[in-house]
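Q: Dropping in entry_9.pdb, which is PDB, C-alpha atoms:
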```pdb
ATOM      1  CA  MET T   1     119.666 111.543 123.024
ATOM      2  CA  GLU T   2     117.171 114.151 121.921
ATOM      3  CA  VAL T   3     114.492 112.004 120.287
ATOM      4  CA  ARG T   4     112.702 113.656 117.390
ATOM      5  CA  LEU T   5     109.150 112.488 117.764
ATOM      6  CA  GLU T   6     105.567 113.719 117.401
ATOM      7  CA  PRO T   7     104.807 115.695 120.601
ATOM      8  CA  SER T   8     102.010 113.531 122.024
ATOM      9  CA  TRP T   9     104.097 110.374 121.701
ATOM     10  CA  LYS T  10     107.183 112.095 123.042
ATOM     11  CA  GLU T  11     105.268 113.067 126.157
ATOM     12  CA  LYS T  12     103.762 109.614 126.630
ATOM     13  CA  LEU T  13     107.066 107.790 126.092
ATOM     14  CA  LYS T  14     109.466 110.127 127.861
ATOM     15  CA  GLY T  15     109.871 107.630 130.674
ATOM     16  CA  GLU T  16     111.077 104.980 128.213
ATOM     17  CA  PHE T  17     113.686 107.298 126.741
ATOM     18  CA  GLU T  18     115.250 107.725 130.176
ATOM     19  CA  LYS T  19     115.667 103.999 130.855
ATOM     20  CA  PRO T  20     119.108 102.389 130.550
ATOM     21  CA  TYR T  21     118.043  99.985 127.795
ATOM     22  CA  PHE T  22     117.011 102.877 125.553
ATOM     23  CA  GLN T  23     120.290 104.664 126.129
ATOM     24  CA  GLU T  24     122.121 101.473 125.137
ATOM     25  CA  LEU T  25     119.856 101.050 122.113
ATOM     26  CA  THR T  26     120.516 104.626 121.029
ATOM     27  CA  SER T  27     124.264 104.125 121.236
ATOM     28  CA  PHE T  28     124.059 100.898 119.249
ATOM     29  CA  ILE T  29     121.851 102.385 116.513
ATOM     30  CA  LYS T  30     124.048 105.470 116.131
ATOM     31  CA  GLY T  31     127.045 103.198 115.672
ATOM     32  CA  GLU T  32     125.240 101.057 113.105
ATOM     33  CA  TYR T  33     124.263 104.056 110.970
ATOM     34  CA  THR T  34     127.852 105.296 111.140
ATOM     35  CA  LYS T  35     129.564 102.114 109.998
ATOM     36  CA  SER T  36     127.075 100.384 107.696
ATOM     37  CA  SER T  37     123.921 100.781 105.625
ATOM     38  CA  VAL T  38     120.847 100.746 107.848
ATOM     39  CA  TYR T  39     117.157 101.137 106.970
ATOM     40  CA  PRO T  40     115.004 103.159 107.103
ATOM     41  CA  HIS T  41     116.587 106.595 106.725
ATOM     42  CA  PRO T  42     117.122 108.066 110.237
ATOM     43  CA  LYS T  43     114.410 110.694 109.691
ATOM     44  CA  ASN T  44     111.883 107.869 109.161
ATOM     45  CA  ILE T  45     112.655 105.703 112.201
ATOM     46  CA  PHE T  46     109.673 107.127 114.108
ATOM     47  CA  ARG T  47     107.534 107.942 111.060
ATOM     48  CA  ALA T  48     104.680 105.666 112.160
ATOM     49  CA  PHE T  49     104.303 107.805 115.295
ATOM     50  CA  ASP T  50     104.731 111.099 113.461
ATOM     51  CA  LEU T  51     101.839 110.346 111.095
ATOM     52  CA  CYS T  52      99.523 108.973 113.786
ATOM     53  CA  PRO T  53      99.470 110.907 117.098
ATOM     54  CA  PHE T  54      98.626 109.020 120.288
ATOM     55  CA  ASP T  55      95.013 110.167 120.569
ATOM     56  CA  ALA T  56      94.390 109.593 116.851
ATOM     57  CA  VAL T  57      95.191 105.872 116.899
ATOM     58  CA  LYS T  58      92.236 103.656 116.017
ATOM     59  CA  VAL T  59      93.945 100.579 114.569
ATOM     60  CA  VAL T  60      97.398  99.068 115.174
ATOM     61  CA  ILE T  61      98.929  96.807 112.515
ATOM     62  CA  LEU T  62     102.039  95.167 113.864
ATOM     63  CA  GLY T  63     104.939  94.064 111.681
ATOM     64  CA  GLN T  64     108.255  92.505 112.627
ATOM     65  CA  ASP T  65     111.313  94.050 110.926
ATOM     66  CA  PRO T  66     111.594  96.885 108.421
ATOM     67  CA  TYR T  67     112.311  95.687 104.880
ATOM     68  CA  HIS T  68     116.060  95.168 104.499
ATOM     69  CA  GLY T  69     116.294  95.784 100.741
ATOM     70  CA  GLU T  70     117.541  99.081  99.355
ATOM     71  CA  GLY T  71     114.837 101.731  98.945
ATOM     72  CA  GLN T  72     112.088  99.711 100.612
ATOM     73  CA  ALA T  73     111.728 100.554 104.324
ATOM     74  CA  ASN T  74     110.042 103.905 104.990
ATOM     75  CA  GLY T  75     109.144 103.711 108.677
ATOM     76  CA  LEU T  76     105.670 102.211 108.226
ATOM     77  CA  SER T  77     105.165  98.472 108.637
ATOM     78  CA  PHE T  78     104.517  96.633 105.354
ATOM     79  CA  ALA T  79     104.684  99.890 103.329
ATOM     80  CA  VAL T  80     107.024 101.106 100.589
ATOM     81  CA  GLU T  81     107.194 104.439  98.799
ATOM     82  CA  LYS T  82     105.398 105.154  95.546
ATOM     83  CA  GLY T  83     107.326 103.778  92.619
ATOM     84  CA  VAL T  84     108.919 100.980  94.640
ATOM     85  CA  ARG T  85     107.959  97.436  93.654
ATOM     86  CA  ILE T  86     105.322  96.127  96.053
ATOM     87  CA  PRO T  87     106.708  93.316  98.254
ATOM     88  CA  PRO T  88     104.914  89.940  98.301
ATOM     89  CA  SER T  89     103.385  90.386 101.769
ATOM     90  CA  LEU T  90     101.855  93.716 100.788
ATOM     91  CA  GLN T  91     100.607  92.226  97.525
ATOM     92  CA  ASN T  92      98.756  89.627  99.592
ATOM     93  CA  ILE T  93      97.405  92.300 101.947
ATOM     94  CA  PHE T  94      96.008  94.138  98.934
ATOM     95  CA  LYS T  95      94.444  90.918  97.617
ATOM     96  CA  GLU T  96      92.740  90.331 100.955
ATOM     97  CA  ILE T  97      91.444  93.915 101.096
ATOM     98  CA  GLN T  98      89.775  93.545  97.700
ATOM     99  CA  SER T  99      88.291  90.179  98.630
ATOM    100  CA  ASP T 100      87.205  91.386 102.064
ATOM    101  CA  VAL T 101      85.739  94.748 101.058
ATOM    102  CA  GLY T 102      84.438  93.503  97.704
ATOM    103  CA  LYS T 103      85.798  96.444  95.727
ATOM    104  CA  PRO T 104      88.920  97.064  93.650
ATOM    105  CA  LEU T 105      91.719  99.132  95.121
ATOM    106  CA  ILE T 106      91.697 102.829  94.305
ATOM    107  CA  HIS T 107      95.348 103.200  95.311
ATOM    108  CA  THR T 108      97.639 100.487  93.965
ATOM    109  CA  ASP T 109     100.984 101.828  95.180
ATOM    110  CA  GLY T 110     102.659 100.702  98.406
ATOM    111  CA  ASP T 111     102.534 104.072 100.180
ATOM    112  CA  LEU T 112     100.364 103.379 103.219
ATOM    113  CA  SER T 113     100.629 106.852 104.708
ATOM    114  CA  ARG T 114      97.003 107.201 103.577
ATOM    115  CA  TRP T 115      96.129 104.652 106.288
ATOM    116  CA  ALA T 116      98.399 106.219 108.905
ATOM    117  CA  THR T 117      96.768 109.623 108.605
ATOM    118  CA  GLN T 118      93.366 107.992 109.219
ATOM    119  CA  GLY T 119      94.497 106.516 112.526
ATOM    120  CA  VAL T 120      96.309 103.301 111.615
ATOM    121  CA  LEU T 121      99.563 102.904 113.553
ATOM    122  CA  LEU T 122     101.775 100.860 111.226
ATOM    123  CA  LEU T 123     104.256  99.682 113.824
ATOM    124  CA  ASN T 124     107.197  97.330 113.400
ATOM    125  CA  ALA T 125     108.426  95.491 116.487
ATOM    126  CA  THR T 126     111.972  96.464 115.504
ATOM    127  CA  LEU T 127     112.346  99.926 113.997
ATOM    128  CA  THR T 128     115.685  99.535 112.199
ATOM    129  CA  VAL T 129     117.579  96.831 110.299
ATOM    130  CA  LYS T 130     121.001  96.418 108.694
ATOM    131  CA  ALA T 131     120.916  96.300 104.904
ATOM    132  CA  GLN T 132     120.356  92.795 103.549
ATOM    133  CA  VAL T 133     120.468  91.206 107.021
ATOM    134  CA  ALA T 134     116.973  90.339 108.231
ATOM    135  CA  GLY T 135     116.556  90.454 112.001
ATOM    136  CA  SER T 136     119.923  92.109 112.512
ATOM    137  CA  HIS T 137     118.625  94.633 115.053
ATOM    138  CA  GLN T 138     116.474  92.240 117.023
ATOM    139  CA  GLY T 139     117.327  91.771 120.675
ATOM    140  CA  LYS T 140     118.918  95.222 120.990
ATOM    141  CA  GLY T 141     116.086  96.986 122.810
ATOM    142  CA  TRP T 142     113.556  97.857 120.145
ATOM    143  CA  GLU T 143     111.236  95.060 121.251
ATOM    144  CA  GLU T 144     111.148  96.430 124.797
ATOM    145  CA  PHE T 145     110.334  99.862 123.418
ATOM    146  CA  THR T 146     107.519  98.660 121.155
ATOM    147  CA  ASP T 147     106.138  96.473 123.960
ATOM    148  CA  ALA T 148     105.879  99.676 125.983
ATOM    149  CA  VAL T 149     104.044 101.372 123.098
ATOM    150  CA  ILE T 150     101.494  98.561 122.895
ATOM    151  CA  ARG T 151     101.054  98.454 126.660
ATOM    152  CA  LEU T 152     100.558 102.225 126.781
ATOM    153  CA  LEU T 153      97.873 102.126 124.087
ATOM    154  CA  SER T 154      96.149  99.207 125.796
ATOM    155  CA  GLU T 155      96.106 100.916 129.202
ATOM    156  CA  GLU T 156      95.332 104.512 128.279
ATOM    157  CA  ARG T 157      93.057 104.139 125.269
ATOM    158  CA  GLU T 158      89.802 102.235 124.791
ATOM    159  CA  HIS T 159      88.201 100.351 121.914
ATOM    160  CA  LEU T 160      91.208 100.082 119.616
ATOM    161  CA  VAL T 161      91.711  97.366 117.018
ATOM    162  CA  PHE T 162      94.977  95.420 117.114
ATOM    163  CA  ILE T 163      95.707  93.388 113.977
ATOM    164  CA  LEU T 164      98.332  90.729 114.663
ATOM    165  CA  TRP T 165      99.639  88.709 111.717
ATOM    166  CA  GLY T 166     101.912  85.759 112.416
ATOM    167  CA  ASN T 167     103.305  84.241 115.591
ATOM    168  CA  TYR T 168     105.758  87.059 116.263
ATOM    169  CA  ALA T 169     102.979  89.645 116.303
ATOM    170  CA  LYS T 170     100.673  87.367 118.279
ATOM    171  CA  ALA T 171     103.288  87.112 121.029
ATOM    172  CA  LYS T 172     103.187  90.896 121.379
ATOM    173  CA  GLY T 173      99.469  90.547 121.990
ATOM    174  CA  ALA T 174     100.232  89.513 125.571
ATOM    175  CA  HIS T 175     100.397  93.231 126.392
ATOM    176  CA  ILE T 176      96.836  93.960 125.190
ATOM    177  CA  ASP T 177      93.784  94.062 127.460
ATOM    178  CA  ARG T 178      91.265  92.119 125.394
ATOM    179  CA  THR T 179      88.378  93.236 127.573
ATOM    180  CA  LYS T 180      88.884  96.804 126.276
ATOM    181  CA  HIS T 181      90.080  96.248 122.716
ATOM    182  CA  LEU T 182      89.451  94.075 119.665
ATOM    183  CA  VAL T 183      92.339  91.784 118.754
ATOM    184  CA  ILE T 184      92.300  90.223 115.274
ATOM    185  CA  GLU T 185      94.808  87.425 114.718
ATOM    186  CA  SER T 186      95.707  85.329 111.689
ATOM    187  CA  PRO T 187      98.725  83.845 109.921
ATOM    188  CA  HIS T 188     101.171  86.289 108.353
ATOM    189  CA  PRO T 189     100.462  87.621 104.818
ATOM    190  CA  SER T 190     103.834  86.296 103.635
ATOM    191  CA  PRO T 191     103.620  83.917 100.653
ATOM    192  CA  PHE T 192     104.861  81.202 103.019
ATOM    193  CA  SER T 193     101.781  81.409 105.231
ATOM    194  CA  ALA T 194      99.072  83.476 103.529
ATOM    195  CA  PHE T 195      97.190  80.394 102.354
ATOM    196  CA  SER T 196      97.170  78.969 105.892
ATOM    197  CA  GLY T 197      94.445  81.329 107.080
ATOM    198  CA  PHE T 198      95.421  84.882 106.209
ATOM    199  CA  PHE T 199      93.374  84.834 103.021
ATOM    200  CA  GLY T 200      89.722  84.908 104.004
ATOM    201  CA  SER T 201      90.356  86.223 107.528
ATOM    202  CA  LYS T 202      88.628  89.543 106.680
ATOM    203  CA  PRO T 203      90.543  91.750 109.134
ATOM    204  CA  PHE T 204      89.671  94.989 107.365
ATOM    205  CA  SER T 205      85.889  94.640 107.445
ATOM    206  CA  LYS T 206      86.063  93.275 111.011
ATOM    207  CA  ALA T 207      88.092  96.295 112.105
ATOM    208  CA  ASN T 208      85.687  98.734 110.491
ATOM    209  CA  ALA T 209      82.599  97.017 111.888
ATOM    210  CA  TYR T 210      84.061  97.300 115.381
ATOM    211  CA  LEU T 211      85.043 100.942 114.942
ATOM    212  CA  ILE T 212      81.513 101.776 113.793
ATOM    213  CA  THR T 213      79.976 100.057 116.838
ATOM    214  CA  GLN T 214      82.202 102.270 119.005
ATOM    215  CA  GLY T 215      81.053 105.447 117.268
ATOM    216  CA  LYS T 216      84.300 105.880 115.329
ATOM    217  CA  SER T 217      84.704 106.491 111.629
ATOM    218  CA  PRO T 218      85.868 103.442 109.650
ATOM    219  CA  ILE T 219      89.167 103.256 107.779
ATOM    220  CA  ASP T 220      89.142 103.699 104.002
ATOM    221  CA  TRP T 221      91.398 100.757 103.130
ATOM    222  CA  LEU T 222      91.047 101.226  99.379
TER     223      LEU T 222
END
```
As structure tokens, please, write out the structure in this file.
A:
Amino acid sequence: MEVRLEPSWKEKLKGEFEKPYFQELTSFIKGEYTKSSVYPHPKNIFRAFDLCPFDAVKVVILGQDPYHGEGQANGLSFAVEKGVRIPPSLQNIFKEIQSDVGKPLIHTDGDLSRWATQGVLLLNATLTVKAQVAGSHQGKGWEEFTDAVIRLLSEEREHLVFILWGNYAKAKGAHIDRTKHLVIESPHPSPFSAFSGFFGSKPFSKANAYLITQGKSPIDWL
């Protein structure tokens, strides 16, 4: 399959695209889009990479699945397009930003492309999902692909911030060299777990403080 992807990522990941698992994944995903409703739109599957080239990455925020409701998933973890009702997890992320940074949000919509273009890779572990069926594309090869992405960033870049929310994301942290990068972990921002340690964890100010110590510009989270 000819993968449409931002050039720097395409070059870095070309070895993955040639592996048997990715060929099988491609065949499966093509079939899913043909016979049922799948999110996000095909043009947005690799949007997180397209908005944040390899050498521009400063922060990685790892999600699990794309949203499986109609009109929600847009290729960026936790994000939705302008005009779409903000999901509960993102509402809690916004609450924590305001508490952490101590200022009100300037942007109150769910379009997080403003973060991506500053160097935040908003990566889901699984890049597609069947409509209304959470986790439906898990175990098909996406996890192996996104593990490779994390490993590549860990090995070839230095002084990145990895923000891992929830046990699923924390498990992916096994691929990160913590002697070279900052890893920030907490419970997931979901309403089911946000009060168990997500609120008050201050990931946004911690990330920016680290970036500044490494001579990098901080992220404008607001």
Q: Please write the residues picked by the PyMOL selection byres ((chain T and resi 116) around 12) on this file as a ChimeraX atom specification.
A: /T:47-54,56-61,75-79,111-115,117-123,219-221
Q: Could you pull the residues within 7 Å of stretch 170-187 of chain T, counting only C-alpha atoms, minus those fewer than 5 positions along the same chain, as a list in words?
A: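 Contacts, with the query itself left out: Asp147, Ile150, Arg151, Ser154, Glu158, His159, Leu160, Val161, Phe162, Ile163, Leu164, Trp165, Ser193, Ala194, Ser196, Gly197, Phe198, Ser201 and Pro203 of chain T.
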Q: Using the selection just defined, write its residues with C-alpha atoms as a short mmCIF file (atom, residue, chain, number, x, y, z; two decimals), in the coordinates of the input.
A:
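again_0.cif, written as the output of this step:
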```
data_model
loop_
_atom_site.label_atom_id
_atom_site.label_comp_id
_atom_site.auth_asym_id
_atom_site.auth_seq_id
_atom_site.Cartn_x
_atom_site.Cartn_y
_atom_site.Cartn_z
CA ASP T 147 106.14 96.47 123.96
CA ILE T 150 101.49 98.56 122.90
CA ARG T 151 101.05 98.45 126.66
CA SER T 154 96.15 99.21 125.80
CA GLU T 158 89.80 102.24 124.79
CA HIS T 159 88.20 100.35 121.91
CA LEU T 160 91.21 100.08 119.62
CA VAL T 161 91.71 97.37 117.02
CA PHE T 162 94.98 95.42 117.11
CA ILE T 163 95.71 93.39 113.98
CA LEU T 164 98.33 90.73 114.66
CA TRP T 165 99.64 88.71 111.72
CA SER T 193 101.78 81.41 105.23
CA ALA T 194 99.07 83.48 103.53
CA SER T 196 97.17 78.97 105.89
CA GLY T 197 94.44 81.33 107.08
CA PHE T 198 95.42 84.88 106.21
CA SER T 201 90.36 86.22 107.53
CA PRO T 203 90.54 91.75 109.13
#
```
Q: Could you check how far atom CA of T:Ala134 sits from atom CA of T:Thr108, in Å to one decimal?
A: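 These two atoms are separated by 26.1 Å.
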Q: Report as a list of chain:residue names the residues that result from applying the PyMOL selection byres ((chain T and resi 12) around 12) to the structure here.
A: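 Evaluating the PyMOL selection byres ((chain T and resi 12) around 12) on these coordinates yields T:Leu5, T:Glu6, T:Pro7, T:Ser8, T:Trp9, T:Lys10, T:Glu11, T:Leu13, T:Lys14, T:Gly15, T:Glu16, T:Phe17, T:Phe49, T:Pro53, T:Phe54, T:Asp55, T:Ala148, T:Val149, T:Ile150, T:Arg151, T:Leu152, T:Leu153, T:Glu155, T:Glu156.
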Q: One decimal, Å: what's the distance from atom CA of T:Asp109 over to atom CA of T:Pro189, could you say?
A: 17.2 Å
Q: How big is the axis-aligned box around the listed atoms of stretch 90-109 of chain T once 3 Å is added on each side, and where is its centre? Give both in Å to one decimal, as JSON.
A:
```
{"center_x": 93.1, "center_y": 96.4, "center_z": 97.9, "size_x": 23.4, "size_y": 19.6, "size_z": 14.4}
```
